[in-house]
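Structure data follow from protein.cif (mmCIF, C-alpha atoms):
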data_coords
#
loop_
_atom_site.group_PDB
_atom_site.id
_atom_site.type_symbol
_atom_site.label_atom_id
_atom_site.label_comp_id
_atom_site.auth_asym_id
_atom_site.auth_seq_id
_atom_site.Cartn_x
_atom_site.Cartn_y
_atom_site.Cartn_z
ATOM 1 C CA MET A 13 0.000 0.000 0.000
ATOM 2 C CA PHE A 14 2.720 2.411 0.938
ATOM 3 C CA ASP A 15 6.153 2.873 -0.527
ATOM 4 C CA TRP A 16 7.623 5.815 1.310
ATOM 5 C CA ARG A 17 10.422 6.221 -1.147
ATOM 6 C CA GLY A 18 7.964 6.184 -4.029
ATOM 7 C CA ARG A 19 7.325 9.399 -5.868
ATOM 8 C CA ARG A 20 3.597 8.704 -6.010
ATOM 9 C CA ASP A 21 3.208 8.418 -2.254
ATOM 10 C CA ARG A 22 5.256 11.513 -1.614
ATOM 11 C CA LYS A 23 3.017 13.335 -4.051
ATOM 12 C CA ARG A 24 -0.050 12.068 -2.225
ATOM 13 C CA ILE A 25 1.240 13.322 1.117
ATOM 14 C CA GLU A 26 1.904 16.685 -0.489
ATOM 15 C CA VAL A 27 -1.604 16.832 -1.956
ATOM 16 C CA ILE A 28 -3.240 15.845 1.334
ATOM 17 C CA GLY A 29 -1.286 18.535 3.162
ATOM 18 C CA ARG A 30 -1.625 21.272 0.576
ATOM 19 C CA ASP A 31 -5.086 20.750 -0.886
ATOM 20 C CA MET A 32 -7.140 19.352 1.977
ATOM 21 C CA ARG A 33 -8.091 20.838 5.277
ATOM 22 C CA PRO A 34 -7.986 18.282 8.151
ATOM 23 C CA GLU A 35 -11.785 18.093 8.166
ATOM 24 C CA GLN A 36 -11.855 17.349 4.430
ATOM 25 C CA ARG A 37 -9.690 14.231 4.668
ATOM 26 C CA SER A 38 -11.355 10.878 4.019
ATOM 27 C CA GLU A 39 -10.956 7.686 6.035
ATOM 28 C CA GLU A 40 -8.670 6.432 3.291
ATOM 29 C CA ASP A 41 -6.470 9.530 3.536
ATOM 30 C CA LEU A 42 -6.224 9.143 7.298
ATOM 31 C CA ALA A 43 -5.296 5.464 6.949
ATOM 32 C CA PHE A 44 -2.649 6.459 4.435
ATOM 33 C CA LEU A 45 -1.224 9.074 6.808
ATOM 34 C CA ASN A 46 -1.210 6.501 9.594
ATOM 35 C CA ALA A 47 0.785 4.155 7.388
ATOM 36 C CA VAL A 48 3.244 6.948 6.684
ATOM 37 C CA ARG A 49 3.641 7.549 10.406
ATOM 38 C CA MET A 50 4.402 3.884 11.021
ATOM 39 C CA LYS A 51 6.737 3.269 8.112
ATOM 40 C CA ALA A 52 8.386 6.618 7.496
ATOM 41 C CA PRO A 53 8.369 8.643 10.715
ATOM 42 C CA ASP A 54 10.748 11.288 9.324
ATOM 43 C CA LEU A 55 8.408 11.963 6.415
ATOM 44 C CA PHE A 56 5.425 12.092 8.726
ATOM 45 C CA GLU A 57 7.290 14.443 11.043
ATOM 46 C CA ALA A 58 7.887 16.860 8.176
ATOM 47 C CA PHE A 59 4.220 16.610 7.218
ATOM 48 C CA GLU A 60 3.127 17.254 10.774
ATOM 49 C CA ALA A 61 5.501 20.182 11.193
ATOM 50 C CA GLU A 62 4.022 21.764 8.069
ATOM 51 C CA GLU A 63 0.516 21.178 9.420
ATOM 52 C CA ASP A 64 1.458 22.838 12.720
ATOM 53 C CA ALA A 65 3.070 25.800 10.974
ATOM 54 C CA MET A 66 -0.042 26.302 8.826
ATOM 55 C CA ALA A 67 -2.295 26.061 11.866
ATOM 56 C CA GLU A 68 -0.213 28.742 13.595
ATOM 57 C CA LEU A 69 -0.381 30.890 10.480
ATOM 58 C CA ARG A 70 -4.169 30.601 10.353
ATOM 59 C CA GLY A 71 -4.323 31.297 14.081
ATOM 60 C CA ALA A 72 -2.431 34.550 13.543
ATOM 61 C CA ALA A 73 -4.959 35.831 10.980
ATOM 62 C CA LEU A 74 -5.877 39.483 11.338
ATOM 63 C CA ASN A 75 -9.490 40.547 11.080
ATOM 64 C CA PRO A 76 -9.465 44.327 11.500
ATOM 65 C CA VAL A 77 -12.694 46.280 11.748
ATOM 66 C CA PRO A 78 -12.827 49.173 9.249
ATOM 67 C CA SER A 79 -12.150 52.460 11.028
ATOM 68 C CA ALA A 80 -15.033 54.891 11.559
ATOM 69 C CA ASN A 81 -13.609 57.412 9.082
ATOM 70 C CA PHE A 82 -12.890 54.887 6.334
ATOM 71 C CA ASP A 83 -15.836 56.004 4.188
ATOM 72 C CA ALA A 84 -15.155 59.711 4.776
ATOM 73 C CA ASN A 85 -11.496 59.302 3.816
ATOM 74 C CA LEU A 86 -12.455 57.298 0.759
ATOM 75 C CA GLY A 87 -14.979 59.972 -0.267
ATOM 76 C CA ARG A 88 -12.320 62.675 0.044
ATOM 77 C CA LYS A 89 -9.813 60.629 -1.959
ATOM 78 C CA LEU A 90 -12.446 59.972 -4.625
ATOM 79 C CA ARG A 91 -13.147 63.709 -4.981
ATOM 80 C CA VAL A 92 -9.414 64.516 -5.214
ATOM 81 C CA SER A 93 -9.027 61.746 -7.766
ATOM 82 C CA ALA A 94 -11.961 63.078 -9.817
ATOM 83 C CA VAL A 95 -10.450 66.595 -9.887
ATOM 84 C CA ARG A 96 -7.050 65.186 -10.817
ATOM 85 C CA ASP A 97 -8.594 63.066 -13.566
ATOM 86 C CA SER A 98 -10.522 65.998 -15.007
ATOM 87 C CA PHE A 99 -7.354 68.122 -14.930
ATOM 88 C CA ARG A 100 -5.509 65.300 -16.667
ATOM 89 C CA TYR A 101 -8.300 65.171 -19.245
ATOM 90 C CA TRP A 102 -8.350 68.913 -19.911
ATOM 91 C CA SER A 103 -4.646 69.735 -19.479
ATOM 92 C CA PRO A 104 -3.627 68.867 -23.079
ATOM 93 C CA ALA A 105 -6.345 71.235 -24.363
ATOM 94 C CA ILE A 106 -5.289 73.982 -21.926
ATOM 95 C CA ILE A 107 -1.614 73.587 -22.848
ATOM 96 C CA GLY A 108 -2.522 73.556 -26.556
ATOM 97 C CA ALA A 109 -4.555 76.745 -26.194
ATOM 98 C CA GLY A 110 -1.662 78.379 -24.315
ATOM 99 C CA VAL A 111 0.840 77.449 -27.007
ATOM 100 C CA ALA A 112 -1.516 78.717 -29.735
ATOM 101 C CA ALA A 113 -1.998 82.024 -27.860
ATOM 102 C CA ILE A 114 1.766 82.519 -27.507
ATOM 103 C CA ALA A 115 2.282 81.706 -31.184
ATOM 104 C CA LEU A 116 -0.422 84.167 -32.199
ATOM 105 C CA TRP A 117 1.050 86.867 -29.961
ATOM 106 C CA ALA A 118 4.518 86.252 -31.425
ATOM 107 C CA LEU A 119 3.122 86.447 -34.943
ATOM 108 C CA LEU A 120 1.372 89.747 -34.222
ATOM 109 C CA GLN A 121 4.544 91.126 -32.661
ATOM 110 C CA SER A 122 6.622 90.216 -35.676
ATOM 111 C CA MET A 123 4.037 91.812 -37.987
ATOM 112 C CA VAL A 124 4.117 95.049 -35.990
ATOM 113 C CA GLN A 125 7.927 95.111 -36.032
ATOM 114 C CA THR A 126 8.153 94.556 -39.804
ATOM 115 C CA SER A 127 5.679 97.384 -40.420
ATOM 116 C CA VAL A 128 7.737 99.985 -38.443
ATOM 117 C CA PRO A 129 10.646 100.378 -40.933
ATOM 118 C CA VAL A 130 8.152 101.036 -43.751
ATOM 119 C CA GLN A 131 6.708 103.958 -41.808
ATOM 120 C CA LEU A 132 10.194 105.221 -41.082
ATOM 121 C CA GLN A 133 11.065 105.038 -44.762
ATOM 122 C CA GLN A 134 7.952 107.023 -45.636
ATOM 123 C CA GLN A 135 8.874 109.686 -43.072
ATOM 124 C CA GLU A 136 12.381 109.845 -44.565
ATOM 125 C CA ALA A 137 10.872 110.186 -47.998
ATOM 126 C CA ARG A 138 8.731 113.116 -46.883
ATOM 127 C CA ARG A 139 11.822 114.820 -45.532
ATOM 128 C CA VAL A 140 13.643 114.237 -48.808
ATOM 129 C CA VAL A 141 10.775 115.543 -50.959
ATOM 130 C CA PHE A 142 10.347 118.756 -48.981
ATOM 131 C CA PRO A 143 13.847 119.586 -47.750
ATOM 132 C CA SER A 144 14.184 123.299 -48.439
ATOM 133 C CA LEU A 145 10.943 124.970 -49.239
ATOM 134 C CA PRO A 146 11.364 128.680 -48.853
ATOM 135 C CA ASN A 147 9.217 130.422 -46.319
ATOM 136 C CA PRO A 148 6.579 132.450 -48.006
ATOM 137 C CA MET B 2 -14.183 35.876 -4.936
ATOM 138 C CA GLN B 3 -17.935 35.596 -4.298
ATOM 139 C CA GLY B 4 -20.970 33.615 -5.348
ATOM 140 C CA ASN B 5 -23.042 34.182 -8.467
ATOM 141 C CA GLU B 6 -25.883 35.754 -6.520
ATOM 142 C CA ALA B 7 -23.551 38.288 -4.922
ATOM 143 C CA ALA B 8 -22.000 39.000 -8.323
ATOM 144 C CA TYR B 9 -25.437 39.713 -9.824
ATOM 145 C CA GLU B 10 -26.219 41.936 -6.861
ATOM 146 C CA ASP B 11 -23.006 43.846 -7.620
ATOM 147 C CA VAL B 12 -24.103 44.294 -11.240
ATOM 148 C CA ARG B 13 -27.222 46.197 -10.137
ATOM 149 C CA TRP B 14 -25.183 48.571 -8.007
ATOM 150 C CA ILE B 15 -22.521 49.047 -10.679
ATOM 151 C CA GLU B 16 -25.155 50.123 -13.201
ATOM 152 C CA ARG B 17 -26.368 52.739 -10.741
ATOM 153 C CA VAL B 18 -22.821 53.886 -9.969
ATOM 154 C CA ARG B 19 -22.343 54.538 -13.694
ATOM 155 C CA THR B 20 -25.265 56.937 -13.627
ATOM 156 C CA GLY B 21 -23.569 58.900 -10.832
ATOM 157 C CA ASP B 22 -25.602 57.458 -7.961
ATOM 158 C CA GLU B 23 -23.511 58.102 -4.833
ATOM 159 C CA ALA B 24 -25.695 55.919 -2.614
ATOM 160 C CA ALA B 25 -24.998 52.971 -4.912
ATOM 161 C CA LEU B 26 -21.298 53.716 -4.674
ATOM 162 C CA ALA B 27 -21.509 53.714 -0.869
ATOM 163 C CA THR B 28 -23.371 50.402 -0.963
ATOM 164 C CA LEU B 29 -20.764 48.845 -3.221
ATOM 165 C CA VAL B 30 -18.035 50.034 -0.844
ATOM 166 C CA ALA B 31 -19.910 48.640 2.152
ATOM 167 C CA ARG B 32 -20.304 45.268 0.422
ATOM 168 C CA HIS B 33 -16.559 44.780 -0.134
ATOM 169 C CA ARG B 34 -14.889 47.020 2.443
ATOM 170 C CA ALA B 35 -14.419 44.548 5.319
ATOM 171 C CA ARG B 36 -13.050 41.693 3.251
ATOM 172 C CA LEU B 37 -10.797 43.913 1.182
ATOM 173 C CA ILE B 38 -9.245 45.403 4.326
ATOM 174 C CA ARG B 39 -8.857 41.960 5.845
ATOM 175 C CA VAL B 40 -7.089 40.585 2.747
ATOM 176 C CA ALA B 41 -4.740 43.585 2.637
ATOM 177 C CA ALA B 42 -4.125 43.441 6.399
ATOM 178 C CA ASN B 43 -3.151 39.786 6.264
ATOM 179 C CA ILE B 44 -0.800 40.310 3.340
ATOM 180 C CA LEU B 45 0.779 43.484 4.727
ATOM 181 C CA ARG B 46 0.333 42.632 8.439
ATOM 182 C CA ASP B 47 -0.565 46.264 9.060
ATOM 183 C CA PRO B 48 -4.259 47.208 9.476
ATOM 184 C CA MET B 49 -3.651 50.949 8.957
ATOM 185 C CA GLU B 50 -1.748 50.453 5.735
ATOM 186 C CA ALA B 51 -4.388 47.928 4.713
ATOM 187 C CA GLU B 52 -7.097 50.609 4.914
ATOM 188 C CA ASP B 53 -4.999 52.882 2.750
ATOM 189 C CA VAL B 54 -4.523 50.143 0.165
ATOM 190 C CA ALA B 55 -8.220 49.231 0.233
ATOM 191 C CA GLN B 56 -9.146 52.873 -0.437
ATOM 192 C CA ASP B 57 -6.684 53.051 -3.339
ATOM 193 C CA ALA B 58 -8.109 49.817 -4.732
ATOM 194 C CA PHE B 59 -11.656 51.236 -4.617
ATOM 195 C CA ILE B 60 -10.526 54.445 -6.333
ATOM 196 C CA ARG B 61 -8.806 52.565 -9.154
ATOM 197 C CA ALA B 62 -11.722 50.181 -9.582
ATOM 198 C CA PHE B 63 -14.283 53.025 -9.715
ATOM 199 C CA ARG B 64 -12.113 54.965 -12.151
ATOM 200 C CA GLU B 65 -12.228 52.025 -14.564
ATOM 201 C CA ILE B 66 -15.804 51.004 -13.847
ATOM 202 C CA ARG B 67 -17.011 52.405 -17.182
ATOM 203 C CA ASN B 68 -14.558 50.195 -19.070
ATOM 204 C CA LEU B 69 -15.439 46.987 -17.251
ATOM 205 C CA ARG B 70 -16.343 44.322 -19.842
ATOM 206 C CA ASP B 71 -18.214 42.031 -17.464
ATOM 207 C CA ASP B 72 -19.796 43.668 -14.447
ATOM 208 C CA ARG B 73 -20.020 40.321 -12.655
ATOM 209 C CA ALA B 74 -16.216 40.303 -12.549
ATOM 210 C CA PHE B 75 -16.111 43.525 -10.515
ATOM 211 C CA SER B 76 -15.286 41.761 -7.273
ATOM 212 C CA GLY B 77 -12.420 39.785 -8.852
ATOM 213 C CA TYR B 78 -11.157 42.947 -10.481
ATOM 214 C CA LEU B 79 -11.249 44.809 -7.162
ATOM 215 C CA TYR B 80 -9.345 42.088 -5.306
ATOM 216 C CA ARG B 81 -6.794 41.835 -8.108
ATOM 217 C CA ILE B 82 -6.069 45.550 -7.803
ATOM 218 C CA CYS B 83 -5.838 45.235 -4.024
ATOM 219 C CA VAL B 84 -3.422 42.278 -4.178
ATOM 220 C CA ARG B 85 -1.278 44.054 -6.768
ATOM 221 C CA LEU B 86 -1.091 47.173 -4.599
ATOM 222 C CA CYS B 87 -0.158 45.050 -1.578
ATOM 223 C CA MET B 88 2.603 43.308 -3.521
ATOM 224 C CA ASP B 89 3.930 46.652 -4.747
ATOM 225 C CA ARG B 90 4.109 47.823 -1.146
ATOM 226 C CA LEU B 91 5.817 44.630 -0.020
ATOM 227 C CA ARG B 92 8.410 45.000 -2.768
ATOM 228 C CA SER B 93 9.122 48.600 -1.848
ATOM 229 C CA ARG B 94 9.349 47.582 1.800
ATOM 230 C CA ARG B 95 11.952 44.888 1.233
ATOM 231 C CA ALA B 96 14.753 47.377 0.953
ATOM 232 C CA GLU B 97 14.212 48.305 4.588
ATOM 233 C CA PRO B 98 15.679 45.886 7.133
ATOM 234 C CA ALA B 99 13.129 44.175 9.364
ATOM 235 C CA GLU B 100 13.495 45.144 12.989
ATOM 236 C CA PHE B 101 12.722 42.147 15.114
ATOM 237 C CA ASP B 102 15.882 41.883 17.143
ATOM 238 C CA GLY B 103 14.114 43.103 20.240
ATOM 239 C CA VAL B 104 11.331 40.552 20.053
ATOM 240 C CA VAL B 105 10.840 38.485 23.206
ATOM 241 C CA PRO B 106 11.791 34.830 22.635
ATOM 242 C CA HIS B 107 8.928 32.718 21.389
ATOM 243 C CA GLN B 108 7.053 31.186 24.327
ATOM 244 C CA GLY B 109 3.976 30.041 22.499
ATOM 245 C CA SER B 110 1.383 32.575 23.676
ATOM 246 C CA ARG B 111 -1.109 33.898 21.136
ATOM 247 C CA VAL B 112 0.380 37.402 20.901
ATOM 248 C CA GLU B 113 3.958 36.120 20.724
ATOM 249 C CA ASN B 114 2.987 33.630 18.037
ATOM 250 C CA ARG B 115 1.490 36.456 16.043
ATOM 251 C CA VAL B 116 4.736 38.441 16.288
ATOM 252 C CA VAL B 117 6.758 35.399 15.241
ATOM 253 C CA ILE B 118 4.410 34.706 12.326
ATOM 254 C CA GLU B 119 4.818 38.314 11.169
ATOM 255 C CA LYS B 120 8.568 37.999 11.378
ATOM 256 C CA LEU B 121 8.552 34.761 9.390
ATOM 257 C CA LEU B 122 6.206 36.141 6.748
ATOM 258 C CA GLN B 123 8.572 39.056 6.233
ATOM 259 C CA LEU B 124 11.281 36.571 5.332
ATOM 260 C CA LEU B 125 9.259 35.217 2.412
ATOM 261 C CA PRO B 126 9.368 36.904 -1.017
ATOM 262 C CA PRO B 127 6.183 38.895 -1.816
ATOM 263 C CA ASP B 128 4.780 36.390 -4.325
ATOM 264 C CA LEU B 129 5.183 33.392 -1.976
ATOM 265 C CA ARG B 130 3.895 35.349 0.991
ATOM 266 C CA THR B 131 0.818 36.554 -0.880
ATOM 267 C CA THR B 132 0.032 33.082 -2.225
ATOM 268 C CA LEU B 133 0.347 31.585 1.252
ATOM 269 C CA VAL B 134 -1.879 34.209 2.852
ATOM 270 C CA LEU B 135 -4.598 34.060 0.186
ATOM 271 C CA ARG B 136 -4.748 30.293 0.289
ATOM 272 C CA GLU B 137 -4.154 29.481 3.945
ATOM 273 C CA ILE B 138 -5.651 32.465 5.744
ATOM 274 C CA GLU B 139 -8.247 33.705 3.282
ATOM 275 C CA GLN B 140 -8.996 30.118 2.238
ATOM 276 C CA MET B 141 -9.412 31.068 -1.403
ATOM 277 C CA SER B 142 -9.554 28.340 -4.028
ATOM 278 C CA TYR B 143 -6.630 27.922 -6.419
ATOM 279 C CA GLU B 144 -8.664 29.589 -9.160
ATOM 280 C CA GLU B 145 -9.442 32.573 -6.954
ATOM 281 C CA VAL B 146 -5.798 32.965 -5.945
ATOM 282 C CA ALA B 147 -4.780 32.705 -9.603
ATOM 283 C CA GLN B 148 -7.298 35.376 -10.549
ATOM 284 C CA ALA B 149 -6.276 37.672 -7.700
ATOM 285 C CA MET B 150 -2.582 37.352 -8.518
ATOM 286 C CA ASN B 151 -3.077 37.259 -12.290
ATOM 287 C CA VAL B 152 -1.065 34.067 -12.739
ATOM 288 C CA PRO B 153 -1.941 30.551 -13.984
ATOM 289 C CA VAL B 154 -3.320 27.984 -11.524
ATOM 290 C CA GLY B 155 -0.203 25.842 -11.993
ATOM 291 C CA THR B 156 1.949 28.726 -10.810
ATOM 292 C CA VAL B 157 -0.232 29.070 -7.717
ATOM 293 C CA ARG B 158 0.237 25.358 -6.926
ATOM 294 C CA SER B 159 4.002 25.472 -7.272
ATOM 295 C CA ARG B 160 4.293 28.737 -5.332
ATOM 296 C CA LEU B 161 2.129 27.359 -2.569
ATOM 297 C CA HIS B 162 4.243 24.225 -2.368
ATOM 298 C CA THR B 163 7.427 26.281 -2.054
ATOM 299 C CA ALA B 164 5.836 28.759 0.353
ATOM 300 C CA ARG B 165 4.566 26.043 2.692
ATOM 301 C CA GLU B 166 7.933 24.306 2.749
ATOM 302 C CA ARG B 167 9.847 27.499 3.383
ATOM 303 C CA PHE B 168 7.434 28.633 6.038
ATOM 304 C CA ARG B 169 7.633 25.227 7.753
ATOM 305 C CA ASP B 170 11.438 25.349 7.762
ATOM 306 C CA LEU B 171 11.437 28.874 9.160
ATOM 307 C CA TRP B 172 8.916 27.865 11.791
ATOM 308 C CA LEU B 173 11.000 24.831 12.829
ATOM 309 C CA GLN B 174 14.138 26.939 12.917
ATOM 310 C CA GLU B 175 12.413 29.530 15.069
ATOM 311 C CA ASN B 176 11.250 26.892 17.540
ATOM 312 C CA ARG B 177 14.638 25.188 17.559
ATOM 313 C CA ASP B 178 16.361 28.495 18.323
ATOM 314 C CA VAL B 179 14.152 28.921 21.374
#

Final structure tokens representation of the file:
Amino acid sequence: MFDWRGRRDRKRIEVIGRDMRPEQRSEEDLAFLNAVRMKAPDLFEAFEAEEDAMAELRGAALNPVPSANFDANLGRKLRVSAVRDSFRYWSPAIIGAGVAAIALWALLQSMVQTSVPVQLQQQEARRVVFPSLPNP
Amino acid sequence: MQGNEAAYEDVRWIERVRTGDEAALATLVARHRARLIRVAANILRDPMEAEDVAQDAFIRAFREIRNLRDDRAFSGYLYRICVRLCMDRLRSRRAEPAEFDGVVPHQGSRVENRVVIEKLLQLLPPDLRTTLVLREIEQMSYEEVAQAMNVPVGTVRSRLHTARERFRDLWLQENRDV
């Protein structure tokens, strides 16, 4: 029934330990474990140690009660998140509009600057045309 | 993560949340809050940090609620986010050395056992620790653990095998030292 060096039996011990809670084990499983204890005490010891460690782990489970301000804090975080998301959504449009405004302003500036020399030239021309009119 | 009936119940609330119903949002939070905090607390071993993570998980889940393909999967989606956030925190924590040198030697009382368990869990890598907690403490099925951790079921089995062995060895070592 039991070959403690056999791969199959080792696998079965592993499956019983890992996949089954103590209350889920059948009579057959328990008989198998008993056989392991009799014929391969070292293997059974390792199995039992793992069982004990898991029982301690389950015994140390935390079950905290949500704090009284959990919902209020969550509500605040949700509002902050909504504002941040809407900013993230609109920020490319805002940045784009800003860039377009700067470009337009720069264009207008350059147009104004290029028109100034023309006016100056016209003023010069007037001076040249009427340089020395005699006073009547 | 939950039964079909509960999943269908969630679907009703999710539809209302999409229309901007804040009461539905509060109900959805109330339905998952306790378990989400418990899962995070057991992975992180810190109830305060667990609340923070649970809130972040809710925020991320609600942000994506419009894009959810199957509303019945909301609960699984929520727990997956929570587990991922917990693992991120565990990874960022690992750079800091654990301070347990001052712990009273293990005498077997409930509180001392809890401290020892926390110490031992800190010695496990985040993926093994999370698998162990979800399976052994939260008693999730392999499929649920796989879904929460976004890995195949086979990976869960092998991680659990390794995690149990390592935890057992650490536990034996701890008791031998005492």

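Separating CA of Glu145 (chain B) from CA of Met32 (chain A) is a distance of 16.1 Å.
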
**Request:** Would you give me, as an MDAnalysis selection string, the residues of chain B that come within 7 Å of chain A, using only C-alpha atoms?
**Result:** chainID B and resid 35 39 42:43 48 56 60 115 118 137:138 165 169 172

**Asked** If you apply the PyMOL selection byres ((chain B and resi 61) around 12) to this file, what residues do you get, as a ChimeraX atom specification?
**Response** /A:86,89-90,93-94,97 /B:54-60,62-69,75,78-83,85-86

Residues as selected, C-alpha atoms, written as a PDB file, in the coordinates of the input, can you do that?
ATOM      1  CA  LEU A  86     -12.455  57.298   0.759  1.00  0.00           C
ATOM      2  CA  LYS A  89      -9.813  60.629  -1.959  1.00  0.00           C
ATOM      3  CA  LEU A  90     -12.446  59.972  -4.625  1.00  0.00           C
ATOM      4  CA  SER A  93      -9.027  61.746  -7.766  1.00  0.00           C
ATOM      5  CA  ALA A  94     -11.961  63.078  -9.817  1.00  0.00           C
ATOM      6  CA  ASP A  97      -8.594  63.066 -13.566  1.00  0.00           C
TER       7      ASP A  97
ATOM      8  CA  VAL B  54      -4.523  50.143   0.165  1.00  0.00           C
ATOM      9  CA  ALA B  55      -8.220  49.231   0.233  1.00  0.00           C
ATOM     10  CA  GLN B  56      -9.146  52.873  -0.437  1.00  0.00           C
ATOM     11  CA  ASP B  57      -6.684  53.051  -3.339  1.00  0.00           C
ATOM     12  CA  ALA B  58      -8.109  49.817  -4.732  1.00  0.00           C
ATOM     13  CA  PHE B  59     -11.656  51.236  -4.617  1.00  0.00           C
ATOM     14  CA  ILE B  60     -10.526  54.445  -6.333  1.00  0.00           C
ATOM     15  CA  ALA B  62     -11.722  50.181  -9.582  1.00  0.00           C
ATOM     16  CA  PHE B  63     -14.283  53.025  -9.715  1.00  0.00           C
ATOM     17  CA  ARG B  64     -12.113  54.965 -12.151  1.00  0.00           C
ATOM     18  CA  GLU B  65     -12.228  52.025 -14.564  1.00  0.00           C
ATOM     19  CA  ILE B  66     -15.804  51.004 -13.847  1.00  0.00           C
ATOM     20  CA  ARG B  67     -17.011  52.405 -17.182  1.00  0.00           C
ATOM     21  CA  ASN B  68     -14.558  50.195 -19.070  1.00  0.00           C
ATOM     22  CA  LEU B  69     -15.439  46.987 -17.251  1.00  0.00           C
ATOM     23  CA  PHE B  75     -16.111  43.525 -10.515  1.00  0.00           C
ATOM     24  CA  TYR B  78     -11.157  42.947 -10.481  1.00  0.00           C
ATOM     25  CA  LEU B  79     -11.249  44.809  -7.162  1.00  0.00           C
ATOM     26  CA  TYR B  80      -9.345  42.088  -5.306  1.00  0.00           C
ATOM     27  CA  ARG B  81      -6.794  41.835  -8.108  1.00  0.00           C
ATOM     28  CA  ILE B  82      -6.069  45.550  -7.803  1.00  0.00           C
ATOM     29  CA  CYS B  83      -5.838  45.235  -4.024  1.00  0.00           C
ATOM     30  CA  ARG B  85      -1.278  44.054  -6.768  1.00  0.00           C
ATOM     31  CA  LEU B  86      -1.091  47.173  -4.599  1.00  0.00           C
TER      32      LEU B  86
END

**Item:** Sel. within 12 Å of pt (8.2, 45.4, 0.8), counting all atoms listed in the file, output as an MDAnalysis selection string
**Value:** chainID B and resid 44:46 86:99 122:128 130:131

**Prompt:** Can you tell me how far CA of Thr126 (chain A) sits from CA of Ala112 (chain A), in Å to one decimal?
**Reply:** 21.1 Å

**Complete:** Atom pair CA of Leu119 (chain A) + CA of Ser103 (chain A), distance 24.1 Å

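What the PyMOL selection byres ((chain B and resi 142) around 12) picks from this file is Arg30, Asp31 and Met32 of chain A; Met2, Gln3, Thr132, Leu133, Val134, Leu135, Arg136, Glu137, Ile138, Glu139, Gln140, Met141, Tyr143, Glu144, Glu145, Val146, Ala147, Gln148, Ala149, Val154, Val157, Arg158 and Leu161 of chain B.
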
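With only C-alpha atoms as the atoms that count, the minimum distance from Asp47 (chain B) to the choices B:Glu119, B:Asp72, B:Glu175, B:Asp170 is reached by B:Glu119.
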
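Counting only C-alpha atoms, the residue from B:Pro153, B:Glu23, B:Thr28, B:Asp53 that sits nearest to Asn81 (chain A) is B:Asp53.
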
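Nearest residue to Glu6 (chain B), choosing from B:Arg73, B:Val40, B:Gln174, B:Val117 and counting only C-alpha atoms: B:Arg73.
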
Please, could N, CA and C atoms be added to region 57-68 of chain A and the result written as a short mmCIF file (atom, residue, chain, number, x, y, z; two decimals), in the coordinates of the input?
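And here is the file that came out, selection_9.cif:
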data_model
loop_
_atom_site.label_atom_id
_atom_site.label_comp_id
_atom_site.auth_asym_id
_atom_site.auth_seq_id
_atom_site.Cartn_x
_atom_site.Cartn_y
_atom_site.Cartn_z
N GLU A 57 6.90 13.32 10.18
CA GLU A 57 7.29 14.44 11.04
C GLU A 57 7.30 15.75 10.24
N ALA A 58 7.85 15.67 9.05
CA ALA A 58 7.89 16.86 8.18
C ALA A 58 6.46 17.31 7.83
N PHE A 59 5.62 16.32 7.53
CA PHE A 59 4.22 16.61 7.22
C PHE A 59 3.53 17.29 8.40
N GLU A 60 3.77 16.73 9.58
CA GLU A 60 3.13 17.25 10.77
C GLU A 60 3.62 18.66 11.12
N ALA A 61 4.93 18.85 10.92
CA ALA A 61 5.50 20.18 11.19
C ALA A 61 4.86 21.23 10.27
N GLU A 62 4.65 20.84 9.02
CA GLU A 62 4.02 21.76 8.07
C GLU A 62 2.57 22.06 8.49
N GLU A 63 1.90 21.01 8.94
CA GLU A 63 0.52 21.18 9.42
C GLU A 63 0.47 22.15 10.60
N ASP A 64 1.41 21.97 11.53
CA ASP A 64 1.46 22.84 12.72
C ASP A 64 1.74 24.29 12.32
N ALA A 65 2.70 24.44 11.42
CA ALA A 65 3.07 25.80 10.97
C ALA A 65 1.87 26.49 10.31
N MET A 66 1.13 25.71 9.50
CA MET A 66 -0.04 26.30 8.83
C MET A 66 -1.14 26.64 9.83
N ALA A 67 -1.28 25.79 10.84
CA ALA A 67 -2.30 26.06 11.87
C ALA A 67 -1.94 27.34 12.63
N GLU A 68 -0.66 27.52 12.91
CA GLU A 68 -0.21 28.74 13.60
C GLU A 68 -0.45 29.96 12.71
#
